[in-house]
file input_29.txt (compact mmCIF, C-alpha atoms and all ligand atoms)
# COMPACT_ATOMS: atom_id res chain seq x y z
CA MET A 1 47.24 -21.97 -14.28
CA PRO A 2 44.33 -19.86 -14.98
CA ASN A 3 42.05 -21.64 -12.64
CA PRO A 4 43.63 -21.69 -9.17
CA ASP A 5 40.76 -23.72 -7.75
CA SER A 6 41.24 -26.63 -10.09
CA ALA A 7 44.99 -26.37 -9.52
CA ALA A 8 44.52 -26.71 -5.80
CA THR A 9 42.37 -29.79 -6.16
CA LYS A 10 44.94 -31.28 -8.52
CA ILE A 11 47.79 -30.85 -6.07
CA ALA A 12 46.43 -32.05 -2.76
CA PRO A 13 43.53 -31.22 -0.48
CA ARG A 14 45.87 -30.22 2.31
CA LEU A 15 46.93 -27.17 0.29
CA ASP A 16 43.47 -25.68 0.53
CA PRO A 17 44.38 -23.49 3.54
CA VAL A 18 47.04 -21.82 1.38
CA GLN A 19 44.35 -20.87 -1.10
CA ALA A 20 41.98 -19.77 1.63
CA SER A 21 44.52 -17.50 3.29
CA ALA A 22 45.72 -16.00 0.01
CA ALA A 23 42.99 -13.35 0.04
CA GLY A 24 44.09 -12.11 3.46
CA VAL A 25 47.70 -12.02 2.31
CA VAL A 26 46.73 -9.95 -0.73
CA ASP A 27 44.94 -7.47 1.56
CA LEU A 28 48.06 -7.15 3.67
CA TYR A 29 50.20 -6.74 0.58
CA LEU A 30 47.96 -3.99 -0.79
CA ARG A 31 47.89 -2.16 2.54
CA LYS A 32 51.68 -2.31 2.70
CA GLN A 33 51.84 -0.99 -0.87
CA LEU A 34 49.61 1.95 -0.01
CA GLU A 35 51.46 2.74 3.20
CA THR A 36 54.80 2.68 1.40
CA ARG A 37 53.44 5.02 -1.25
CA ARG A 38 52.13 7.38 1.41
CA GLU A 39 55.55 7.54 3.07
CA GLN A 40 57.29 8.11 -0.26
CA LEU A 41 54.89 10.87 -1.22
CA LYS A 42 55.29 12.58 2.15
CA THR A 43 59.08 12.48 1.77
CA ALA A 44 58.86 13.81 -1.78
CA ILE A 45 56.61 16.67 -0.68
CA ALA A 46 58.87 17.56 2.27
CA GLU A 47 61.96 17.56 0.03
CA LEU A 48 60.41 19.54 -2.80
CA PRO A 49 62.65 22.57 -3.53
CA THR A 50 60.83 25.80 -2.66
CA ASP A 51 61.30 27.17 -6.18
CA ARG A 52 59.42 24.16 -7.57
CA GLY A 53 56.32 24.48 -5.41
CA GLY A 54 53.44 25.19 -7.79
CA ALA A 55 52.41 22.44 -10.16
CA ASP A 56 54.66 19.74 -8.65
CA ALA A 57 53.35 20.35 -5.15
CA THR A 58 49.75 20.27 -6.36
CA GLN A 59 50.33 17.01 -8.24
CA LEU A 60 52.00 15.30 -5.27
CA ALA A 61 49.30 16.53 -2.88
CA GLY A 62 46.65 15.13 -5.23
CA MET A 63 48.36 11.73 -5.28
CA LEU A 64 48.71 11.74 -1.50
CA HIS A 65 45.00 12.46 -1.22
CA GLU A 66 44.23 9.46 -3.48
CA VAL A 67 46.42 7.18 -1.36
CA ASP A 68 44.90 8.47 1.86
CA SER A 69 41.37 7.89 0.65
CA ALA A 70 42.30 4.36 -0.49
CA ILE A 71 43.58 3.64 3.03
CA GLN A 72 40.37 5.12 4.48
CA ARG A 73 38.29 2.87 2.21
CA MET A 74 40.36 -0.07 3.38
CA ASN A 75 39.66 0.79 7.01
CA ALA A 76 35.98 1.24 6.25
CA GLY A 77 35.80 -2.06 4.38
CA THR A 78 34.77 -0.46 1.08
CA TYR A 79 38.12 -0.83 -0.67
CA GLY A 80 38.18 -2.69 -3.99
CA ILE A 81 34.56 -1.92 -4.87
CA CYS A 82 33.73 -0.13 -8.11
CA ASP A 83 32.42 3.42 -7.52
CA PHE A 84 30.04 3.01 -10.43
CA CYS A 85 28.49 -0.47 -10.22
CA HIS A 86 29.56 -1.44 -6.67
CA GLU A 87 30.89 -4.77 -7.95
CA ASP A 88 34.26 -6.19 -6.92
CA ILE A 89 37.13 -4.55 -8.85
CA GLY A 90 39.17 -7.76 -8.68
CA GLU A 91 42.36 -8.66 -6.91
CA GLU A 92 44.61 -8.70 -9.96
CA ARG A 93 43.57 -5.25 -11.09
CA LEU A 94 44.22 -3.94 -7.57
CA ILE A 95 47.65 -5.55 -7.48
CA ALA A 96 48.45 -3.78 -10.75
CA ASP A 97 46.92 -0.52 -9.49
CA PRO A 98 46.12 -0.30 -5.76
CA LEU A 99 44.43 3.06 -6.32
CA ALA A 100 41.83 1.71 -8.75
CA THR A 101 38.30 2.86 -7.90
CA LEU A 102 36.51 1.56 -11.00
CA CYS A 103 36.17 -1.93 -12.43
CA LEU A 104 37.51 -2.44 -15.96
CA GLU A 105 34.06 -2.07 -17.43
CA HIS A 106 33.52 1.38 -15.96
CA LEU A 107 36.77 3.09 -16.86
CA SER A 108 36.42 6.13 -19.09
CA GLY A 109 37.14 5.65 -22.80
CA GLU A 110 40.52 7.32 -22.43
CA GLU A 111 41.46 5.20 -19.40
CA GLN A 112 40.47 2.06 -21.25
CA ARG A 113 42.59 3.01 -24.25
CA ALA A 114 45.56 3.72 -21.95
CA LEU A 115 45.11 0.32 -20.34
CA GLU A 116 44.91 -1.36 -23.73
CA ARG A 117 48.14 0.35 -24.80
CA ASP A 118 49.82 -0.90 -21.61
CA LEU A 119 48.58 -4.42 -22.28
CA GLU A 120 49.81 -4.33 -25.87
CA LEU A 121 53.20 -3.24 -24.63
CA ALA A 122 53.22 -5.99 -21.99
CA ALA A 123 52.32 -8.50 -24.72
CA ARG A 124 55.18 -7.28 -26.92
CA ILE A 125 57.63 -7.60 -24.03
CA GLN A 126 56.30 -11.07 -23.31
CA ARG A 127 56.66 -12.23 -26.93
CA GLY A 128 60.24 -10.98 -26.78
CA LEU A 129 60.92 -13.40 -23.91
CA LEU A 130 59.96 -16.50 -25.89
CA PRO A 131 62.64 -18.76 -27.35
CA ARG A 132 63.15 -18.93 -31.12
CA GLU A 133 60.71 -21.09 -33.02
CA ASN A 134 61.80 -24.23 -34.81
CA LEU A 135 65.04 -24.22 -32.88
CA ARG A 136 67.90 -26.66 -33.37
CA VAL A 137 70.24 -27.14 -30.43
CA GLY A 138 72.76 -29.90 -31.03
CA GLU A 139 70.87 -33.19 -31.31
CA TRP A 140 67.58 -31.55 -30.39
CA HIS A 141 64.98 -30.00 -32.60
CA ILE A 142 62.45 -27.93 -30.65
CA HIS A 143 59.26 -26.20 -31.67
CA PHE A 144 56.46 -24.71 -29.60
CA ARG A 145 53.06 -23.09 -29.96
CA TYR A 146 52.24 -20.30 -27.51
CA ARG A 147 48.61 -19.18 -27.53
CA PRO A 148 47.53 -16.61 -24.90
CA ALA A 149 43.79 -16.66 -24.13
CA GLY A 150 43.87 -12.89 -23.71
CA ILE A 151 46.41 -10.28 -24.75
CA VAL A 152 49.05 -11.54 -22.32
CA SER A 153 49.66 -15.04 -21.02
CA GLY A 154 50.51 -16.66 -17.71
CA ASP A 155 52.25 -19.53 -19.49
CA TYR A 156 55.99 -19.80 -19.46
CA CYS A 157 58.28 -21.54 -21.90
CA ASP A 158 61.98 -21.26 -22.52
CA VAL A 159 64.99 -23.08 -23.95
CA ILE A 160 68.35 -22.30 -22.39
CA SER A 161 71.69 -23.69 -23.55
CA ALA A 162 74.02 -24.61 -20.71
CA PRO A 163 76.65 -21.87 -20.41
CA ASN A 164 79.48 -24.30 -19.63
CA ASP A 165 79.13 -25.82 -23.07
CA ASP A 166 78.61 -29.38 -21.80
CA GLY A 167 76.11 -29.79 -24.62
CA SER A 168 73.06 -29.90 -22.39
CA THR A 169 69.95 -27.81 -22.95
CA LEU A 170 67.42 -26.73 -20.36
CA ILE A 171 63.82 -26.82 -21.51
CA LEU A 172 61.02 -25.29 -19.47
CA VAL A 173 57.25 -25.18 -19.80
CA GLY A 174 55.12 -23.89 -16.97
CA ASP A 175 52.07 -22.09 -15.85
CA VAL A 176 51.62 -19.30 -13.32
CA ALA A 177 48.60 -19.07 -11.01
CA GLY A 178 46.15 -16.37 -12.05
CA LYS A 179 45.53 -14.46 -15.24
CA GLY A 180 46.29 -11.20 -16.94
CA VAL A 181 49.10 -8.77 -16.30
CA ALA A 182 49.86 -10.07 -12.80
CA ALA A 183 50.40 -13.58 -14.20
CA ALA A 184 52.43 -12.21 -17.12
CA MET A 185 54.70 -10.39 -14.66
CA LEU A 186 55.27 -13.61 -12.72
CA MET A 187 56.02 -15.35 -16.00
CA SER A 188 58.74 -12.80 -16.80
CA HIS A 189 60.05 -13.24 -13.29
CA LEU A 190 60.40 -17.01 -13.87
CA HIS A 191 62.13 -16.30 -17.16
CA ALA A 192 64.76 -14.04 -15.57
CA MET A 193 65.21 -16.32 -12.58
CA PHE A 194 65.91 -19.51 -14.54
CA ARG A 195 68.21 -17.67 -16.94
CA SER A 196 70.26 -16.41 -13.97
CA LEU A 197 70.27 -19.70 -12.08
CA THR A 198 71.31 -21.75 -15.12
CA GLY A 199 74.68 -20.02 -15.03
CA MET A 200 75.46 -21.54 -11.63
CA GLY A 201 76.11 -25.05 -12.89
CA LEU A 202 73.75 -26.73 -10.41
CA ASP A 203 72.37 -30.22 -10.85
CA LEU A 204 68.70 -30.27 -11.78
CA GLY A 205 67.33 -31.06 -8.32
CA ARG A 206 69.35 -28.26 -6.73
CA LEU A 207 68.40 -25.86 -9.51
CA MET A 208 64.73 -26.48 -8.78
CA GLU A 209 65.25 -26.07 -5.02
CA MET A 210 67.00 -22.75 -5.58
CA ALA A 211 64.40 -21.57 -8.07
CA ASN A 212 61.65 -22.45 -5.61
CA ARG A 213 63.36 -20.62 -2.77
CA VAL A 214 63.98 -17.49 -4.83
CA PHE A 215 60.40 -17.60 -6.12
CA CYS A 216 59.05 -17.96 -2.55
CA GLU A 217 61.11 -15.05 -1.32
CA SER A 218 60.25 -12.72 -4.16
CA THR A 219 56.51 -13.29 -4.47
CA PHE A 220 53.78 -13.09 -1.89
CA ALA A 221 51.97 -16.13 -0.57
CA GLY A 222 49.31 -17.49 -2.86
CA GLN A 223 51.41 -16.85 -5.98
CA TYR A 224 52.84 -20.02 -7.36
CA ALA A 225 53.82 -21.68 -10.59
CA THR A 226 53.84 -25.24 -11.83
CA LEU A 227 56.42 -26.23 -14.37
CA VAL A 228 58.39 -28.99 -16.02
CA CYS A 229 62.11 -28.44 -16.26
CA ALA A 230 63.98 -30.89 -18.50
CA ARG A 231 67.71 -31.07 -19.05
CA ALA A 232 68.49 -32.75 -22.36
CA ASP A 233 71.98 -34.10 -23.06
CA SER A 234 73.45 -34.65 -26.49
CA ASP A 235 73.38 -38.45 -26.03
CA GLY A 236 69.60 -38.60 -25.64
CA ARG A 237 69.50 -38.72 -21.87
CA VAL A 238 66.91 -36.34 -20.44
CA GLU A 239 66.46 -35.52 -16.78
CA ILE A 240 63.08 -34.22 -15.77
CA ALA A 241 61.94 -32.37 -12.66
CA ASN A 242 58.23 -31.65 -12.50
CA ALA A 243 57.02 -29.04 -9.98
CA GLY A 244 53.34 -29.94 -9.61
CA HIS A 245 52.76 -29.61 -13.35
CA LEU A 246 50.90 -31.84 -15.77
CA PRO A 247 52.94 -34.83 -16.92
CA ALA A 248 55.62 -34.53 -19.57
CA LEU A 249 54.99 -37.08 -22.33
CA LEU A 250 57.75 -39.27 -23.70
CA VAL A 251 56.53 -40.16 -27.17
CA SER A 252 58.48 -43.19 -28.31
CA GLN A 253 57.97 -45.55 -31.26
CA ASP A 254 55.45 -47.80 -29.55
CA SER A 255 54.17 -45.94 -26.50
CA VAL A 256 53.49 -42.62 -24.83
CA GLN A 257 54.84 -42.52 -21.30
CA LYS A 258 53.72 -39.94 -18.73
CA ILE A 259 56.32 -38.42 -16.43
CA GLY A 260 54.38 -36.94 -13.54
CA SER A 261 55.06 -34.57 -10.71
CA THR A 262 58.34 -34.93 -8.79
CA GLY A 263 57.70 -32.08 -6.33
CA LEU A 264 55.34 -29.27 -5.30
CA PRO A 265 54.67 -26.14 -7.34
CA LEU A 266 57.26 -23.37 -7.08
CA GLY A 267 56.38 -20.68 -4.54
CA MET A 268 54.42 -22.82 -2.07
CA PHE A 269 56.96 -23.94 0.52
CA SER A 270 60.48 -22.55 0.56
CA GLY A 271 61.98 -25.88 1.67
CA SER A 272 60.48 -28.01 -1.12
CA ARG A 273 62.69 -30.72 -2.57
CA TYR A 274 62.56 -31.98 -6.14
CA SER A 275 63.47 -35.42 -7.30
CA VAL A 276 64.58 -36.02 -10.84
CA GLU A 277 63.50 -38.68 -13.31
CA ALA A 278 65.80 -39.69 -16.11
CA VAL A 279 64.55 -41.03 -19.43
CA HIS A 280 66.30 -41.95 -22.64
CA VAL A 281 65.03 -40.47 -25.88
CA GLU A 282 65.98 -42.44 -28.99
CA PRO A 283 66.66 -40.70 -32.31
CA GLY A 284 63.34 -39.65 -33.86
CA GLU A 285 61.48 -39.80 -30.53
CA SER A 286 60.03 -36.76 -28.78
CA LEU A 287 59.13 -35.24 -25.47
CA LEU A 288 55.93 -33.27 -25.42
CA LEU A 289 55.31 -30.59 -22.79
CA PHE A 290 52.07 -28.66 -22.44
CA THR A 291 49.99 -26.48 -20.11
CA ASP A 292 46.49 -27.03 -18.75
CA GLY A 293 44.90 -24.76 -21.34
CA ILE A 294 45.48 -27.72 -23.68
CA SER A 295 44.40 -30.60 -21.46
CA GLU A 296 41.47 -28.69 -19.94
CA ALA A 297 40.05 -27.58 -23.27
CA THR A 298 36.36 -28.37 -23.29
CA ALA A 299 34.07 -29.51 -26.06
CA ALA A 300 31.01 -27.41 -26.82
CA ALA A 301 28.87 -30.35 -25.71
CA GLY A 302 30.86 -30.64 -22.48
CA GLY A 303 33.69 -33.01 -21.64
CA GLU A 304 37.37 -32.30 -21.24
CA TYR A 305 40.16 -33.04 -23.74
CA GLY A 306 42.31 -34.35 -20.89
CA VAL A 307 45.88 -35.56 -20.63
CA ASP A 308 44.73 -38.69 -22.46
CA GLY A 309 43.57 -36.54 -25.36
CA VAL A 310 47.02 -34.92 -25.59
CA SER A 311 48.68 -38.29 -25.20
CA SER A 312 46.67 -39.93 -27.96
CA ALA A 313 47.21 -37.00 -30.37
CA ALA A 314 50.95 -37.11 -29.63
CA GLY A 315 50.96 -40.84 -30.38
CA ARG A 316 49.12 -40.38 -33.67
CA HIS A 317 51.46 -37.60 -34.83
CA ARG A 318 54.71 -39.10 -33.52
CA HIS A 319 56.27 -39.44 -36.98
CA LEU A 320 56.00 -35.74 -37.82
CA GLN A 321 58.73 -33.13 -37.51
CA PRO A 322 58.41 -30.90 -34.38
CA ARG A 323 56.76 -27.98 -36.18
CA GLU A 324 54.22 -30.21 -37.92
CA MET A 325 53.69 -32.34 -34.83
CA ALA A 326 52.97 -29.27 -32.67
CA ALA A 327 50.60 -27.91 -35.33
CA ALA A 328 48.77 -31.24 -35.64
CA CYS A 329 48.35 -31.52 -31.86
CA ILE A 330 47.00 -27.95 -31.65
CA GLU A 331 44.62 -28.64 -34.54
CA ASP A 332 43.37 -31.67 -32.67
CA VAL A 333 42.63 -29.61 -29.51
CA VAL A 334 40.94 -26.88 -31.55
CA ALA A 335 38.81 -29.46 -33.35
CA PHE A 336 37.85 -30.99 -30.00
CA GLY A 337 36.73 -27.56 -28.76
CA GLY A 338 34.59 -27.19 -31.89
CA GLY A 339 36.45 -24.01 -32.85
CA THR A 340 35.34 -22.15 -29.69
CA ARG A 341 37.75 -19.61 -28.26
CA ALA A 342 40.17 -21.14 -25.74
CA ALA A 343 39.25 -20.14 -22.18
CA ASP A 344 42.80 -20.51 -21.05
CA ASP A 345 46.39 -19.87 -22.16
CA GLN A 346 47.69 -22.77 -24.22
CA THR A 347 51.30 -23.78 -24.69
CA LEU A 348 52.61 -26.94 -26.29
CA MET A 349 56.24 -27.79 -26.96
CA VAL A 350 57.78 -30.65 -28.91
CA VAL A 351 61.38 -31.58 -28.13
CA GLN A 352 62.56 -34.12 -30.69
CA ARG A 353 65.85 -35.93 -30.92
CA ALA A 354 67.16 -35.80 -34.48
CA ALA A 355 66.54 -39.04 -36.35
CA ARG A 356 69.63 -41.03 -37.37
CA GLY A 357 71.10 -39.63 -40.57
CA ALA A 358 68.92 -36.50 -40.29
ZN ZN B 401 31.99 -1.15 -12.29
call {"tool": "encode", "arguments": {"input": "input_29.txt", "output": "structure tokens", "more": "lines below"}}
Ligand SMILES: [Zn+2]
result
Amino acid sequence: MPNPDSAATKIAPRLDPVQASAAGVVDLYLRKQLETRREQLKTAIAELPTDRGGADATQLAGMLHEVDSAIQRMNAGTYGICDFCHEDIGEERLIADPLATLCLEHLSGEEQRALERDLELAARIQRGLLPRENLRVGEWHIHFRYRPAGIVSGDYCDVISAPNDDGSTLILVGDVAGKGVAAAMLMSHLHAMFRSLTGMGLDLGRLMEMANRVFCESTFAGQYATLVCARADSDGRVEIANAGHLPALLVSQDSVQKIGSTGLPLGMFSGSRYSVEAVHVEPGESLLLFTDGISEATAAAGGEYGVDGVSSAAGRHRHLQPREMAAACIEDVVAFGGGTRAADDQTLMVVQRAARGA
């Protein structure tokens, strides 16, 4: 969810204080990070073998000096400001590197290239976490399109077969608050978490409760994710839990039904509960899951594509195979945007039940 402000207004006005206090929590987190580093460096320096003084000692002392001056800047209220242009360095860059003293624009050529290499690597790792394309799992035929707005994406999608071989498949599409590497790291965290939790044989509501609790405990306040988690059985029954995400669309022969939120986003309140909606998908019918980069795409002349835009495209392309249906829906969004570059990560997944005799 690349735009946390619009996310907050979508959820409920009473969540605004969470947003407002997030900045303070990030400050505390960064201070803790720096203090931990200082302690670790001091220990490393104290334990350095005497025969390895020289270069090692100089390097560690240099790092300690950097950490100390970051803490001093924090105390003086000048932390997080670019040395060159005096603009805000940005929270996400500081989370990735609490010692940063320059904004992205004012890094040296070499530093920028190093950062680009890191990003490329992060993007490769992220692509490796995606499910296979044009996947067939039992009765289900699944295809997705994953389009990061930048090099990495804060969108999450996965398909996990139940380990106990009961024929059910877990399908997830979600969106992490924020952008860039910090969001991509949270996305990989979701990926690992759901893959671990799926092995526990929990019902869908409990699975979401556990996922939310683990997410709350392992991220700092202000980090959250919205997602749809669907469990599809071989007989066409699909259970859906929706943690504050956009609706899942059930695209049947004569209608497109929206299945809205059944609980709060993951990572907001550790005690959140999730109800589950069950739908029946007939052979040839599809579920369509997507992120807000799709529904919030804007036309050059203004105006938003909207959930209704997605819903009407899904209805028009309902007779296509998943790969073609996903492609046609994406083409529709791109055409709406007049070919302008997407401002936001876009993910769209089609989960189709095999037609009779297919
Ligand atoms: Zn700058």
call {"tool": "closest_atom_pairs", "arguments": {"input": "input_29.txt", "of": "chain A", "to": "ligand ZN 401 (chain B)", "cutoff": "12 Å", "atoms": "all atoms listed in the file", "output": "JSON lines"}}
result
{"residue": "A:Gly80", "atom": "CA", "partner": "B:ZN401", "partner_atom": "ZN", "distance": 10.5}
{"residue": "A:Ile81", "atom": "CA", "partner": "B:ZN401", "partner_atom": "ZN", "distance": 7.9}
{"residue": "A:Cys82", "atom": "CA", "partner": "B:ZN401", "partner_atom": "ZN", "distance": 4.6}
{"residue": "A:Asp83", "atom": "CA", "partner": "B:ZN401", "partner_atom": "ZN", "distance": 6.6}
{"residue": "A:Phe84", "atom": "CA", "partner": "B:ZN401", "partner_atom": "ZN", "distance": 5.0}
{"residue": "A:Cys85", "atom": "CA", "partner": "B:ZN401", "partner_atom": "ZN", "distance": 4.1}
{"residue": "A:His86", "atom": "CA", "partner": "B:ZN401", "partner_atom": "ZN", "distance": 6.1}
{"residue": "A:Glu87", "atom": "CA", "partner": "B:ZN401", "partner_atom": "ZN", "distance": 5.8}
{"residue": "A:Asp88", "atom": "CA", "partner": "B:ZN401", "partner_atom": "ZN", "distance": 7.7}
{"residue": "A:Ile89", "atom": "CA", "partner": "B:ZN401", "partner_atom": "ZN", "distance": 7.1}
{"residue": "A:Gly90", "atom": "CA", "partner": "B:ZN401", "partner_atom": "ZN", "distance": 10.4}
{"residue": "A:Ala100", "atom": "CA", "partner": "B:ZN401", "partner_atom": "ZN", "distance": 10.8}
{"residue": "A:Thr101", "atom": "CA", "partner": "B:ZN401", "partner_atom": "ZN", "distance": 8.7}
{"residue": "A:Leu102", "atom": "CA", "partner": "B:ZN401", "partner_atom": "ZN", "distance": 5.4}
{"residue": "A:Cys103", "atom": "CA", "partner": "B:ZN401", "partner_atom": "ZN", "distance": 4.3}
{"residue": "A:Leu104", "atom": "CA", "partner": "B:ZN401", "partner_atom": "ZN", "distance": 6.8}
{"residue": "A:Glu105", "atom": "CA", "partner": "B:ZN401", "partner_atom": "ZN", "distance": 5.6}
{"residue": "A:His106", "atom": "CA", "partner": "B:ZN401", "partner_atom": "ZN", "distance": 4.7}
{"residue": "A:Leu107", "atom": "CA", "partner": "B:ZN401", "partner_atom": "ZN", "distance": 7.9}
{"residue": "A:Ser108", "atom": "CA", "partner": "B:ZN401", "partner_atom": "ZN", "distance": 10.9}
call {"tool": "residues_near_point", "arguments": {"input": "input_29.txt", "point": "(45.1, -18.3, -21.4)", "cutoff": "8 Å", "atoms": "all atoms listed in the file", "output": "PDB file with C-alpha atoms, keeping the file's coordinate frame"}}
result
ATOM      1  CA  PRO A   2      44.330 -19.860 -14.980  1.00  0.00           C
ATOM      2  CA  ARG A 147      48.610 -19.180 -27.530  1.00  0.00           C
ATOM      3  CA  PRO A 148      47.530 -16.610 -24.900  1.00  0.00           C
ATOM      4  CA  ALA A 149      43.790 -16.660 -24.130  1.00  0.00           C
ATOM      5  CA  GLY A 150      43.870 -12.890 -23.710  1.00  0.00           C
ATOM      6  CA  VAL A 152      49.050 -11.540 -22.320  1.00  0.00           C
ATOM      7  CA  SER A 153      49.660 -15.040 -21.020  1.00  0.00           C
ATOM      8  CA  GLY A 154      50.510 -16.660 -17.710  1.00  0.00           C
ATOM      9  CA  ASP A 155      52.250 -19.530 -19.490  1.00  0.00           C
ATOM     10  CA  LYS A 179      45.530 -14.460 -15.240  1.00  0.00           C
ATOM     11  CA  GLY A 293      44.900 -24.760 -21.340  1.00  0.00           C
ATOM     12  CA  ALA A 342      40.170 -21.140 -25.740  1.00  0.00           C
ATOM     13  CA  ALA A 343      39.250 -20.140 -22.180  1.00  0.00           C
ATOM     14  CA  ASP A 344      42.800 -20.510 -21.050  1.00  0.00           C
ATOM     15  CA  ASP A 345      46.390 -19.870 -22.160  1.00  0.00           C
ATOM     16  CA  GLN A 346      47.690 -22.770 -24.220  1.00  0.00           C
TER      17      GLN A 346
END
call {"tool": "atom_distance", "arguments": {"input": "input_29.txt", "atom1": "CA of Leu288 in chain A", "atom2": "CA of Ile151 in chain A"}}
result
24.9 Å
call {"tool": "residues_around", "arguments": {"input": "input_29.txt", "residues": "Thr198 in chain A", "least_positions_apart": "3", "cutoff": "12 Å", "atoms": "all atoms listed in the file", "output": "ChimeraX atom specification"}}
result
/A:158-165,168-172,190-195,201-204,206-208,210-211,229,231
call {"tool": "residues_around", "arguments": {"input": "input_29.txt", "residues": "Gln352 in chain A", "least_positions_apart": "4", "cutoff": "12 Å", "atoms": "all atoms listed in the file", "output": "PDB file with C-alpha atoms, keeping the file's coordinate frame"}}
result
ATOM      1  CA  ASN A 134      61.800 -24.230 -34.810  1.00  0.00           C
ATOM      2  CA  LEU A 135      65.040 -24.220 -32.880  1.00  0.00           C
ATOM      3  CA  ARG A 136      67.900 -26.660 -33.370  1.00  0.00           C
ATOM      4  CA  VAL A 137      70.240 -27.140 -30.430  1.00  0.00           C
ATOM      5  CA  GLY A 138      72.760 -29.900 -31.030  1.00  0.00           C
ATOM      6  CA  GLU A 139      70.870 -33.190 -31.310  1.00  0.00           C
ATOM      7  CA  TRP A 140      67.580 -31.550 -30.390  1.00  0.00           C
ATOM      8  CA  HIS A 141      64.980 -30.000 -32.600  1.00  0.00           C
ATOM      9  CA  ILE A 142      62.450 -27.930 -30.650  1.00  0.00           C
ATOM     10  CA  HIS A 143      59.260 -26.200 -31.670  1.00  0.00           C
ATOM     11  CA  PHE A 144      56.460 -24.710 -29.600  1.00  0.00           C
ATOM     12  CA  ILE A 171      63.820 -26.820 -21.510  1.00  0.00           C
ATOM     13  CA  ALA A 232      68.490 -32.750 -22.360  1.00  0.00           C
ATOM     14  CA  SER A 234      73.450 -34.650 -26.490  1.00  0.00           C
ATOM     15  CA  GLY A 236      69.600 -38.600 -25.640  1.00  0.00           C
ATOM     16  CA  VAL A 238      66.910 -36.340 -20.440  1.00  0.00           C
ATOM     17  CA  LEU A 249      54.990 -37.080 -22.330  1.00  0.00           C
ATOM     18  CA  LEU A 250      57.750 -39.270 -23.700  1.00  0.00           C
ATOM     19  CA  VAL A 251      56.530 -40.160 -27.170  1.00  0.00           C
ATOM     20  CA  SER A 252      58.480 -43.190 -28.310  1.00  0.00           C
ATOM     21  CA  HIS A 280      66.300 -41.950 -22.640  1.00  0.00           C
ATOM     22  CA  VAL A 281      65.030 -40.470 -25.880  1.00  0.00           C
ATOM     23  CA  GLU A 282      65.980 -42.440 -28.990  1.00  0.00           C
ATOM     24  CA  PRO A 283      66.660 -40.700 -32.310  1.00  0.00           C
ATOM     25  CA  GLY A 284      63.340 -39.650 -33.860  1.00  0.00           C
ATOM     26  CA  GLU A 285      61.480 -39.800 -30.530  1.00  0.00           C
ATOM     27  CA  SER A 286      60.030 -36.760 -28.780  1.00  0.00           C
ATOM     28  CA  LEU A 287      59.130 -35.240 -25.470  1.00  0.00           C
ATOM     29  CA  LEU A 288      55.930 -33.270 -25.420  1.00  0.00           C
ATOM     30  CA  LEU A 289      55.310 -30.590 -22.790  1.00  0.00           C
ATOM     31  CA  ARG A 318      54.710 -39.100 -33.520  1.00  0.00           C
ATOM     32  CA  HIS A 319      56.270 -39.440 -36.980  1.00  0.00           C
ATOM     33  CA  LEU A 320      56.000 -35.740 -37.820  1.00  0.00           C
ATOM     34  CA  GLN A 321      58.730 -33.130 -37.510  1.00  0.00           C
ATOM     35  CA  PRO A 322      58.410 -30.900 -34.380  1.00  0.00           C
ATOM     36  CA  ARG A 323      56.760 -27.980 -36.180  1.00  0.00           C
ATOM     37  CA  GLU A 324      54.220 -30.210 -37.920  1.00  0.00           C
ATOM     38  CA  MET A 325      53.690 -32.340 -34.830  1.00  0.00           C
ATOM     39  CA  ALA A 326      52.970 -29.270 -32.670  1.00  0.00           C
ATOM     40  CA  ARG A 356      69.630 -41.030 -37.370  1.00  0.00           C
ATOM     41  CA  ALA A 358      68.920 -36.500 -40.290  1.00  0.00           C
TER      42      ALA A 358
END
call {"tool": "closest_residue", "arguments": {"input": "input_29.txt", "among": "A:Phe290, A:Tyr274, A:Tyr146, A:Tyr29", "to": "Ser261 in chain A", "atoms": "only C-alpha atoms"}}
result
A:Tyr274
call {"tool": "atom_distance", "arguments": {"input": "input_29.txt", "atom1": "CA of Gln40 in chain A", "atom2": "CA of Ala61 in chain A"}}
result
11.9 Å
call {"tool": "atom_distance", "arguments": {"input": "input_29.txt", "atom1": "CA of Ala278 in chain A", "atom2": "CA of Val333 in chain A"}}
result
28.6 Å
call {"tool": "build_atoms", "arguments": {"input": "input_29.txt", "residues": "range 193-199 of chain A", "atoms": "N, CA and C atoms", "output": "JSON list (two decimals), in the coordinates of the input"}}
result
[["chain", "number", "residue", "atom", "x", "y", "z"],
["A", 193, "MET", "N", 64.65, -15.51, -13.66],
["A", 193, "MET", "CA", 65.21, -16.32, -12.58],
["A", 193, "MET", "C", 65.93, -17.55, -13.12],
["A", 194, "PHE", "N", 65.27, -18.30, -14.02],
["A", 194, "PHE", "CA", 65.91, -19.51, -14.54],
["A", 194, "PHE", "C", 67.13, -19.16, -15.39],
["A", 195, "ARG", "N", 67.06, -18.05, -16.13],
["A", 195, "ARG", "CA", 68.21, -17.67, -16.94],
["A", 195, "ARG", "C", 69.41, -17.34, -16.04],
["A", 196, "SER", "N", 69.15, -16.72, -14.88],
["A", 196, "SER", "CA", 70.26, -16.41, -13.97],
["A", 196, "SER", "C", 70.78, -17.67, -13.30],
["A", 197, "LEU", "N", 69.86, -18.51, -12.85],
["A", 197, "LEU", "CA", 70.27, -19.70, -12.08],
["A", 197, "LEU", "C", 71.00, -20.72, -12.95],
["A", 198, "THR", "N", 70.67, -20.77, -14.24],
["A", 198, "THR", "CA", 71.31, -21.75, -15.12],
["A", 198, "THR", "C", 72.82, -21.56, -15.16],
["A", 199, "GLY", "N", 73.25, -20.31, -14.99],
["A", 199, "GLY", "CA", 74.68, -20.02, -15.03],
["A", 199, "GLY", "C", 75.45, -20.60, -13.86]]
